[in-house]
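J.: Just so it is clear, I am handing over final-v6.cif, which has mmCIF, C-alpha atoms and all ligand atoms.
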```
data_input
#
loop_
_atom_site.label_atom_id
_atom_site.label_comp_id
_atom_site.auth_asym_id
_atom_site.auth_seq_id
_atom_site.Cartn_x
_atom_site.Cartn_y
_atom_site.Cartn_z
CA MET A 1 77.82 15.32 -8.34
CA HIS A 2 75.50 13.99 -11.03
CA ARG A 3 72.38 16.08 -11.50
CA TRP A 4 69.29 14.39 -12.85
CA THR A 5 67.07 16.42 -15.06
CA LEU A 6 63.57 15.22 -15.62
CA GLU A 7 62.56 15.63 -19.23
CA LEU A 8 58.79 15.78 -19.36
CA PRO A 9 57.20 15.16 -22.75
CA LEU A 10 55.94 18.43 -24.12
CA PHE A 11 52.26 17.71 -24.67
CA ALA A 12 50.84 20.09 -27.18
CA ILE A 13 47.12 20.46 -26.67
CA ILE A 14 44.84 19.18 -29.39
CA MET A 15 42.11 21.64 -30.17
CA THR A 16 38.68 20.07 -29.80
CA PRO A 17 37.91 18.57 -33.19
CA PRO A 18 34.99 20.09 -35.06
CA GLN A 19 31.93 17.94 -34.39
CA HIS A 20 28.83 17.67 -36.53
CA ASP A 21 25.82 15.38 -36.34
CA VAL A 22 26.76 13.99 -39.72
CA LEU A 23 30.50 13.63 -39.10
CA THR A 24 32.13 12.81 -35.79
CA ILE A 25 35.81 12.78 -34.88
CA GLU A 26 37.40 10.72 -32.14
CA THR A 27 41.07 11.12 -31.23
CA ILE A 28 42.75 7.89 -30.19
CA PRO A 29 46.11 8.08 -28.37
CA VAL A 30 48.93 6.05 -29.88
CA GLU A 31 50.27 4.01 -26.99
CA SER A 32 53.75 3.50 -28.38
CA CYS A 33 54.30 7.29 -28.57
CA ASP A 34 55.04 9.36 -25.50
CA ASP A 35 54.44 12.76 -27.07
CA GLY A 36 50.64 12.87 -27.31
CA THR A 37 50.41 11.50 -30.88
CA VAL A 38 46.87 10.54 -31.87
CA VAL A 39 45.01 8.83 -34.68
CA ALA A 40 41.79 10.58 -35.73
CA LEU A 41 38.86 8.26 -36.32
CA VAL A 42 36.37 10.10 -38.53
CA THR A 43 32.88 8.65 -38.88
CA ILE A 44 30.42 9.71 -41.55
CA ASN A 45 27.17 9.51 -39.66
CA ARG A 46 23.95 9.20 -41.67
CA PRO A 47 23.27 5.49 -41.14
CA ASN A 48 19.60 5.73 -42.11
CA LYS A 49 20.69 6.99 -45.52
CA LEU A 50 23.61 4.55 -45.72
CA ASN A 51 25.93 7.48 -44.92
CA ALA A 52 25.24 9.10 -48.31
CA LEU A 53 27.23 12.29 -48.90
CA ASN A 54 24.94 15.29 -48.70
CA VAL A 55 26.08 18.89 -48.52
CA ASP A 56 26.26 18.77 -44.71
CA VAL A 57 28.68 15.82 -44.86
CA THR A 58 30.90 17.36 -47.51
CA THR A 59 31.03 20.69 -45.69
CA ALA A 60 31.93 18.92 -42.43
CA MET A 61 34.54 16.82 -44.24
CA LYS A 62 36.31 19.93 -45.55
CA GLU A 63 36.35 21.33 -42.01
CA MET A 64 37.71 18.03 -40.68
CA VAL A 65 40.54 18.03 -43.23
CA ALA A 66 41.53 21.60 -42.28
CA TRP A 67 41.53 20.58 -38.60
CA ALA A 68 43.56 17.40 -39.22
CA GLU A 69 46.06 19.32 -41.32
CA SER A 70 46.57 21.97 -38.67
CA GLU A 71 46.82 19.68 -35.63
CA ASP A 72 50.42 18.54 -35.35
CA LEU A 73 49.62 15.61 -33.05
CA VAL A 74 47.11 14.11 -35.49
CA ARG A 75 49.40 11.76 -37.40
CA CYS A 76 47.00 9.42 -39.23
CA ILE A 77 43.33 9.72 -40.19
CA ILE A 78 40.86 6.84 -40.50
CA ILE A 79 37.63 7.45 -42.41
CA THR A 80 34.68 5.16 -41.82
CA GLY A 81 30.88 5.02 -41.99
CA ALA A 82 28.49 4.76 -39.04
CA GLN A 83 27.04 1.35 -38.24
CA PRO A 84 23.28 0.85 -38.80
CA LEU A 85 20.96 1.88 -35.99
CA ALA A 86 18.57 -0.59 -34.38
CA PRO A 87 15.54 -0.75 -36.70
CA GLU A 88 12.26 0.86 -35.73
CA GLU A 89 9.62 -1.62 -34.74
CA GLY A 90 8.18 -3.45 -37.69
CA LYS A 91 10.82 -2.06 -40.06
CA ARG A 92 13.75 -3.94 -41.55
CA ALA A 93 17.29 -3.09 -40.49
CA LYS A 94 19.30 -0.92 -42.85
CA PRO A 95 22.34 -2.63 -44.32
CA ASN A 96 25.91 -1.90 -43.28
CA ALA A 97 27.47 0.86 -45.32
CA PHE A 98 30.71 2.76 -45.59
CA VAL A 99 29.05 5.32 -47.88
CA ALA A 100 26.41 4.47 -50.51
CA GLY A 101 27.36 7.41 -52.72
CA ALA A 102 26.50 11.04 -53.20
CA ASP A 103 23.04 11.85 -51.87
CA ILE A 104 20.93 11.24 -54.95
CA THR A 105 18.11 13.48 -53.68
CA GLU A 106 20.45 16.46 -54.16
CA PHE A 107 20.80 15.62 -57.88
CA GLN A 108 17.14 16.08 -58.62
CA GLY A 109 16.58 19.28 -60.58
CA ALA A 110 20.25 20.31 -60.34
CA GLY A 111 21.74 22.19 -63.30
CA VAL A 112 25.16 22.22 -64.92
CA GLU A 113 26.48 25.34 -63.17
CA GLU A 114 25.34 24.24 -59.72
CA ILE A 115 27.00 20.83 -60.15
CA LYS A 116 30.17 22.41 -61.55
CA ILE A 117 30.51 24.57 -58.43
CA LYS A 118 29.71 21.67 -56.13
CA PHE A 119 32.12 19.21 -57.71
CA THR A 120 35.06 21.53 -58.40
CA ASN A 121 37.50 21.56 -55.46
CA ASN A 122 35.12 19.25 -53.67
CA ALA A 123 35.53 17.64 -50.23
CA ILE A 124 36.88 14.38 -51.64
CA GLU A 125 39.62 16.30 -53.47
CA THR A 126 40.41 18.08 -50.20
CA LEU A 127 40.74 14.69 -48.49
CA TRP A 128 43.02 13.48 -51.30
CA ASN A 129 45.20 16.57 -50.80
CA LEU A 130 45.55 16.11 -47.02
CA SER A 131 49.29 15.77 -46.50
CA LYS A 132 48.97 13.12 -43.75
CA PRO A 133 48.35 9.35 -44.07
CA THR A 134 44.70 8.36 -44.49
CA ILE A 135 43.03 4.95 -44.24
CA ALA A 136 39.50 4.03 -45.37
CA MET A 137 37.92 1.50 -43.01
CA VAL A 138 35.08 -0.02 -45.03
CA ASP A 139 32.30 -2.16 -43.58
CA GLY A 140 29.46 -2.55 -46.06
CA PHE A 141 28.49 -0.72 -49.23
CA ALA A 142 31.12 1.59 -50.75
CA LEU A 143 29.32 2.80 -53.85
CA GLY A 144 29.72 5.77 -56.18
CA GLY A 145 30.93 8.73 -54.12
CA GLY A 146 31.57 6.26 -51.28
CA LEU A 147 34.04 4.34 -53.37
CA GLU A 148 35.53 7.69 -54.37
CA VAL A 149 36.04 8.60 -50.69
CA ALA A 150 37.77 5.24 -50.19
CA CYS A 151 39.93 5.79 -53.28
CA SER A 152 40.94 9.22 -51.98
CA CYS A 153 42.49 7.57 -48.94
CA ASP A 154 46.01 6.18 -49.10
CA ILE A 155 45.07 2.70 -47.85
CA ARG A 156 41.83 0.69 -47.86
CA ILE A 157 40.91 -2.03 -45.35
CA ALA A 158 37.49 -3.67 -45.62
CA SER A 159 35.34 -6.31 -44.00
CA THR A 160 34.47 -9.46 -45.94
CA ARG A 161 30.83 -8.31 -46.15
CA SER A 162 31.68 -5.10 -48.03
CA LYS A 163 30.61 -4.39 -51.59
CA PHE A 164 32.09 -1.96 -54.08
CA GLY A 165 30.83 -0.36 -57.25
CA THR A 166 30.34 2.71 -59.40
CA PRO A 167 26.58 2.55 -60.10
CA GLU A 168 26.42 6.11 -61.49
CA ILE A 169 25.89 4.71 -65.01
CA ASN A 170 22.44 3.55 -63.83
CA LEU A 171 21.59 7.21 -63.07
CA GLY A 172 22.84 8.36 -66.47
CA LEU A 173 26.01 9.63 -64.80
CA ILE A 174 29.68 8.88 -64.30
CA PRO A 175 31.82 9.23 -61.15
CA GLY A 176 32.25 12.95 -60.40
CA TYR A 177 34.55 13.13 -57.38
CA GLY A 178 37.69 12.13 -59.29
CA GLY A 179 36.80 8.43 -59.25
CA THR A 180 37.52 7.79 -62.92
CA GLN A 181 41.11 8.99 -62.51
CA ARG A 182 41.83 7.33 -59.20
CA LEU A 183 40.26 4.02 -60.27
CA VAL A 184 42.49 3.91 -63.33
CA ALA A 185 45.50 4.60 -61.08
CA LEU A 186 44.51 1.85 -58.65
CA LEU A 187 43.07 -0.85 -60.92
CA GLY A 188 44.37 -0.10 -64.39
CA TYR A 189 42.34 1.06 -67.38
CA GLY A 190 40.52 -2.19 -68.20
CA LYS A 191 39.08 -2.95 -64.76
CA ALA A 192 38.17 0.70 -64.16
CA MET A 193 36.33 0.74 -67.50
CA GLU A 194 34.45 -2.43 -66.63
CA MET A 195 33.29 -1.04 -63.29
CA VAL A 196 32.24 2.34 -64.70
CA TYR A 197 30.55 0.85 -67.83
CA THR A 198 28.60 -1.89 -66.04
CA GLY A 199 27.86 -0.29 -62.66
CA GLU A 200 27.99 -3.81 -61.23
CA MET A 201 29.08 -4.40 -57.64
CA ILE A 202 32.02 -6.56 -56.69
CA ASP A 203 32.59 -8.24 -53.35
CA ALA A 204 35.53 -7.64 -51.02
CA VAL A 205 37.48 -10.71 -52.14
CA GLU A 206 37.32 -9.60 -55.78
CA ALA A 207 38.10 -5.99 -54.76
CA HIS A 208 41.18 -7.26 -52.95
CA ARG A 209 42.18 -9.45 -55.90
CA ILE A 210 42.12 -6.55 -58.35
CA GLY A 211 44.09 -4.24 -56.07
CA LEU A 212 41.32 -2.01 -54.81
CA LEU A 213 41.84 -3.13 -51.22
CA ASN A 214 44.98 -3.50 -49.16
CA HIS A 215 43.38 -5.97 -46.74
CA VAL A 216 40.13 -7.87 -46.23
CA VAL A 217 39.31 -8.97 -42.69
CA ASP A 218 36.35 -10.29 -40.70
CA ALA A 219 33.96 -7.52 -39.67
CA ASP A 220 34.68 -8.30 -36.01
CA ASP A 221 38.39 -7.64 -36.51
CA LEU A 222 38.09 -4.60 -38.79
CA LYS A 223 38.45 -1.82 -36.22
CA GLN A 224 41.29 -3.50 -34.34
CA ARG A 225 43.27 -4.28 -37.51
CA THR A 226 42.75 -0.78 -38.90
CA LEU A 227 43.77 0.87 -35.63
CA GLU A 228 46.87 -1.31 -35.46
CA MET A 229 47.96 -0.16 -38.88
CA ALA A 230 47.05 3.48 -38.17
CA CYS A 231 49.01 3.45 -34.89
CA LEU A 232 52.00 1.82 -36.57
CA ILE A 233 52.01 4.51 -39.25
CA ALA A 234 51.40 7.28 -36.70
CA SER A 235 54.46 6.17 -34.72
CA LYS A 236 56.79 7.14 -37.61
CA SER A 237 58.23 10.58 -38.23
CA SER A 238 55.37 12.76 -39.46
CA HIS A 239 57.79 14.79 -41.54
CA THR A 240 59.14 11.70 -43.30
CA LEU A 241 55.59 10.40 -43.87
CA ARG A 242 54.61 13.69 -45.48
CA VAL A 243 57.60 13.47 -47.82
CA ALA A 244 56.76 9.83 -48.60
CA LYS A 245 53.18 10.77 -49.55
CA LYS A 246 54.38 13.59 -51.74
CA VAL A 247 56.90 11.39 -53.55
CA LEU A 248 54.50 8.48 -54.10
CA ARG A 249 51.92 10.95 -55.44
CA SER A 250 54.49 12.23 -57.91
CA ALA A 251 54.47 8.73 -59.45
CA LEU A 252 50.83 9.39 -60.39
CA ASP A 253 51.09 13.05 -61.29
CA GLU A 254 54.49 13.25 -63.00
CA GLY A 255 55.13 9.83 -64.54
CA LEU A 256 58.18 7.64 -63.98
CA THR A 257 61.09 9.75 -65.23
CA LYS A 258 60.09 12.98 -63.49
CA GLY A 259 58.93 11.02 -60.45
CA VAL A 260 62.32 9.34 -60.02
CA ALA A 261 63.98 12.77 -60.17
CA THR A 262 61.52 14.10 -57.56
CA GLU A 263 62.29 11.11 -55.35
CA ALA A 264 66.06 11.67 -55.64
CA ARG A 265 65.64 15.34 -54.70
CA LEU A 266 63.32 14.78 -51.72
CA PHE A 267 65.30 11.73 -50.53
CA ALA A 268 68.46 13.87 -50.45
CA GLU A 269 66.62 16.69 -48.66
CA LEU A 270 65.71 14.28 -45.84
CA PHE A 271 69.40 14.25 -44.95
CA SER A 272 68.98 17.79 -43.61
CA THR A 273 66.32 16.66 -41.10
CA GLU A 274 66.71 15.83 -37.43
CA ASP A 275 64.51 12.77 -37.86
CA GLN A 276 66.90 11.20 -40.34
CA GLU A 277 69.75 11.63 -37.86
CA ILE A 278 67.58 10.30 -35.03
CA GLY A 279 66.43 7.27 -37.05
CA VAL A 280 69.89 6.24 -38.22
CA LYS A 281 71.43 6.76 -34.78
CA ALA A 282 68.64 4.80 -33.07
CA PHE A 283 69.15 1.88 -35.46
CA LEU A 284 72.90 1.83 -34.93
CA ASN A 285 72.48 2.04 -31.13
CA ARG A 286 69.70 -0.60 -31.18
CA ASP A 287 67.49 2.08 -29.62
CA LYS A 288 63.90 3.30 -30.16
CA ALA A 289 63.69 6.43 -32.31
CA HIS A 290 62.10 9.41 -30.56
CA TRP A 291 61.08 11.55 -33.50
CA LYS A 292 61.20 15.32 -33.58
CA HIS A 293 58.79 15.20 -36.56
CA ARG A 294 60.82 17.67 -38.56
N1 LIG B 301 21.49 8.82 -51.80
C1 LIG B 301 20.40 9.07 -51.03
N2 LIG B 301 19.81 8.13 -50.30
C2 LIG B 301 20.32 6.89 -50.32
C3 LIG B 301 21.44 6.55 -51.09
C4 LIG B 301 22.02 7.59 -51.85
N3 LIG B 301 23.12 7.38 -52.60
N4 LIG B 301 21.71 5.24 -50.93
C5 LIG B 301 20.80 4.78 -50.08
N5 LIG B 301 19.95 5.76 -49.70
C6 LIG B 301 18.83 5.68 -48.76
C7 LIG B 301 17.62 5.01 -49.37
O1 LIG B 301 16.88 5.92 -50.14
C8 LIG B 301 16.91 4.54 -48.13
O2 LIG B 301 16.24 5.63 -47.55
P1 LIG B 301 14.75 5.44 -46.90
O3 LIG B 301 14.89 4.29 -45.94
O4 LIG B 301 14.47 6.74 -46.25
O5 LIG B 301 13.88 5.10 -48.04
C9 LIG B 301 18.04 4.15 -47.21
O6 LIG B 301 19.18 4.85 -47.67
C10 LIG B 301 18.35 2.66 -47.20
O7 LIG B 301 18.61 2.26 -48.53
P2 LIG B 301 17.78 1.11 -49.25
O8 LIG B 301 17.87 1.35 -50.71
O9 LIG B 301 16.44 0.97 -48.66
O10 LIG B 301 18.64 -0.16 -48.84
P3 LIG B 301 18.75 -1.54 -49.65
O11 LIG B 301 19.38 -2.51 -48.73
O12 LIG B 301 17.46 -1.90 -50.23
O13 LIG B 301 19.75 -1.22 -50.87
C11 LIG B 301 21.68 -0.21 -51.91
C12 LIG B 301 21.07 -0.82 -50.61
C13 LIG B 301 23.05 0.33 -51.53
C14 LIG B 301 21.81 -1.30 -52.97
C15 LIG B 301 20.76 0.94 -52.41
O14 LIG B 301 20.49 1.80 -51.33
C16 LIG B 301 21.35 1.75 -53.53
O15 LIG B 301 21.41 1.29 -54.65
N6 LIG B 301 21.77 3.01 -53.23
C17 LIG B 301 22.23 3.95 -54.21
C18 LIG B 301 23.63 3.62 -54.65
C19 LIG B 301 24.08 4.57 -55.74
O16 LIG B 301 23.57 4.61 -56.83
N7 LIG B 301 25.12 5.36 -55.44
C20 LIG B 301 25.71 6.27 -56.36
C21 LIG B 301 25.15 7.62 -56.21
S1 LIG B 301 25.89 8.74 -57.33
#
```
Could I get this file's structure written as structure tokens?
Ligand code: COA

T.:
Amino acid sequence: MHRWTLELPLFAIIMTPPQHDVLTIETIPVESCDDGTVVALVTINRPNKLNALNVDVTTAMKEMVAWAESEDLVRCIIITGAQPLAPEEGKRAKPNAFVAGADITEFQGAGVEEIKIKFTNNAIETLWNLSKPTIAMVDGFALGGGLEVACSCDIRIASTRSKFGTPEINLGLIPGYGGTQRLVALLGYGKAMEMVYTGEMIDAVEAHRIGLLNHVVDADDLKQRTLEMACLIASKSSHTLRVAKKVLRSALDEGLTKGVATEARLFAELFSTEDQEIGVKAFLNRDKAHWKHR
């Protein structure tokens, strides 16, 4: 007699994400996955200050990264900025912003040692070091520290009305959250120099043309398009994604010769994983891969 066994998906429980007034986290189930996989949509929430990064935001961001890293079912993280609130009567509406930079009010009167402490191992570096895929969803100004947040994500998708720049030069400063290094990696030396020297803003079409953005879409389509990409990425093996991120990073950190050797080593190591066996078998059987994520 044939005995049927019902295999229920083992839903691990996601711990409630840390919530702050200035940074909210929504977990969005990935429909194509039957194991509880989610995308985390993280919103920087200071719309009246164009989502500028003050100490509350950066502290909350570090906490968010630790949470996202520890939650197995969080497989892709989207970072965005809150939309403007309805204006108070008689006042003009604030513009759309991803993040308009570090909070400039916190620079006033600050000294070298204080800034050194604040900017060493900062929240944006923590985001960069998150081992999972990250996407910046940009709708509006991405300036200074805001552009640096976007550059710390793996992929950038923006609305046509977005604007990008490193205006720190106008404050007698330079980017301080790793922006100089990551802009050179993304744009090349010449374009990065031009942006940092002039402090001028560029629009989304130009940002896309020079390689700063992966995609430019209408504002109305931004969330849908970003979620589609996030869910697609989240449906892959999280273990393989982590290895992919590590290897692509080695291209930046190690240079070509060492990077190729790192790739060869980590590529070979994937052949000891269940997910590699599952993926190959699923392809050969014309089946869907059900990842073990290890
Ligand atoms: N830090 C602190 N507050 C900021 C900010 C920042 N980086 N960027 C914007 N704000 C605040 C403004 O002070 C203003 O606050 P208020 O309404 O309480 O006065 C509010 O956000 C709206 O900005 P506002 O300047 O009125 O909007 P705008 O449409 O006239 O101009 C920008 C938009 C983005 C051009 C302008 O806000 C700007 O240049 N911001 C600073 C960008 C910058 O230099 N970033 C790098 C910092 S290192």

J.: By how many Å are CA of His20 (chain A) and CA of Ala60 (chain A) apart?

T.: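 Here the two named atoms are 6.8 Å from each other.
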
J.: Can you tell me which residues sit at most 7 Å away from ligand LIG 301 (chain B), counting all atoms listed in the file, written as a PyMOL selection string?

T.: chain A and resi 48-50+52+94-95+100-105+141+143-145+166-168

J.: One decimal, in Å: what's the spacing between CA of Leu171 (chain A) and CA of Thr59 (chain A)?

T.: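 Between CA of Leu171 (chain A) and CA of Thr59 (chain A) the gap is 23.9 Å.
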
J.: Pick the closest to Glu200 (chain A) from A:Asn170, A:Val280, A:Val138, A:Ala66: which is it, counting all atoms listed in the file?

T.: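 The shortest atom-to-atom distance to Glu200 (chain A) comes from A:Asn170.
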
J.: What separation in Å, quoted to one decimal, exists between CA of Lys191 (chain A) and CA of Leu127 (chain A)?

T.: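 For CA of Lys191 (chain A) relative to CA of Leu127 (chain A), the distance reads 24.1 Å.
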
J.: Can you work out which one of A:Ser159, A:Asn54, A:Thr198, A:Ser32 has the shortest atom-to-atom distance to Lys118 (chain A), counting only C-alpha atoms?

T.: A:Asn54

J.: Excluding region 257-266 of chain A and its own-chain neighbours fewer than 2 positions away, which residues fall within 10 Å of it when counting only C-alpha atoms? Please give them as a ChimeraX atom specification.

T.: /A:240,243-244,246-255,268-271

J.: Print the selection's residues with C-alpha atoms to a file, as an mmCIF file, in the frame of the given file.

T.:
```
data_model
loop_
_atom_site.group_PDB
_atom_site.id
_atom_site.type_symbol
_atom_site.label_atom_id
_atom_site.label_comp_id
_atom_site.auth_asym_id
_atom_site.auth_seq_id
_atom_site.Cartn_x
_atom_site.Cartn_y
_atom_site.Cartn_z
ATOM 1 C CA THR A 240 59.140 11.700 -43.300
ATOM 2 C CA VAL A 243 57.600 13.470 -47.820
ATOM 3 C CA ALA A 244 56.760 9.830 -48.600
ATOM 4 C CA LYS A 246 54.380 13.590 -51.740
ATOM 5 C CA VAL A 247 56.900 11.390 -53.550
ATOM 6 C CA LEU A 248 54.500 8.480 -54.100
ATOM 7 C CA ARG A 249 51.920 10.950 -55.440
ATOM 8 C CA SER A 250 54.490 12.230 -57.910
ATOM 9 C CA ALA A 251 54.470 8.730 -59.450
ATOM 10 C CA LEU A 252 50.830 9.390 -60.390
ATOM 11 C CA ASP A 253 51.090 13.050 -61.290
ATOM 12 C CA GLU A 254 54.490 13.250 -63.000
ATOM 13 C CA GLY A 255 55.130 9.830 -64.540
ATOM 14 C CA ALA A 268 68.460 13.870 -50.450
ATOM 15 C CA GLU A 269 66.620 16.690 -48.660
ATOM 16 C CA LEU A 270 65.710 14.280 -45.840
ATOM 17 C CA PHE A 271 69.400 14.250 -44.950
#
```

J.: Just want the 10 Å neighbourhood of Ser131 (chain A), counted on all atoms listed in the file, with same-chain residues fewer than 2 positions away dropped. Output as a PyMOL selection string.

T.: chain A and resi 65+68-69+75-76+126-129+133-134+238-239+241-246

J.: Tell me which of A:Ser70, A:Asn96, A:Ser237, A:Asn122 sits closest to Val57 (chain A), counting only C-alpha atoms.

T.: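 Answer, going by the shortest atom-to-atom distance: A:Asn122.
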
J.: Give the answer as one residue: which of A:Leu23, A:Val196, A:Leu256, A:Leu187 has the shortest atom-to-atom distance to His208 (chain A), using all atoms listed in the file?

T.: A:Leu187

J.: Name the residues within 12 Å of (38.2, 17.9, -30.6), counting all atoms listed in the file in the file's coordinates, and put them as a list in words.

T.: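 With a cut-off of 12 Å, the residues come to Ile13, Ile14, Met15, Thr16, Pro17, Pro18, Gln19, His20, Thr24, Ile25, Glu26, Thr27, Ile28, Val38, Ala40, Leu41, Val42, Met64, Trp67, Ala68, Glu71, Leu73 and Val74 of chain A.
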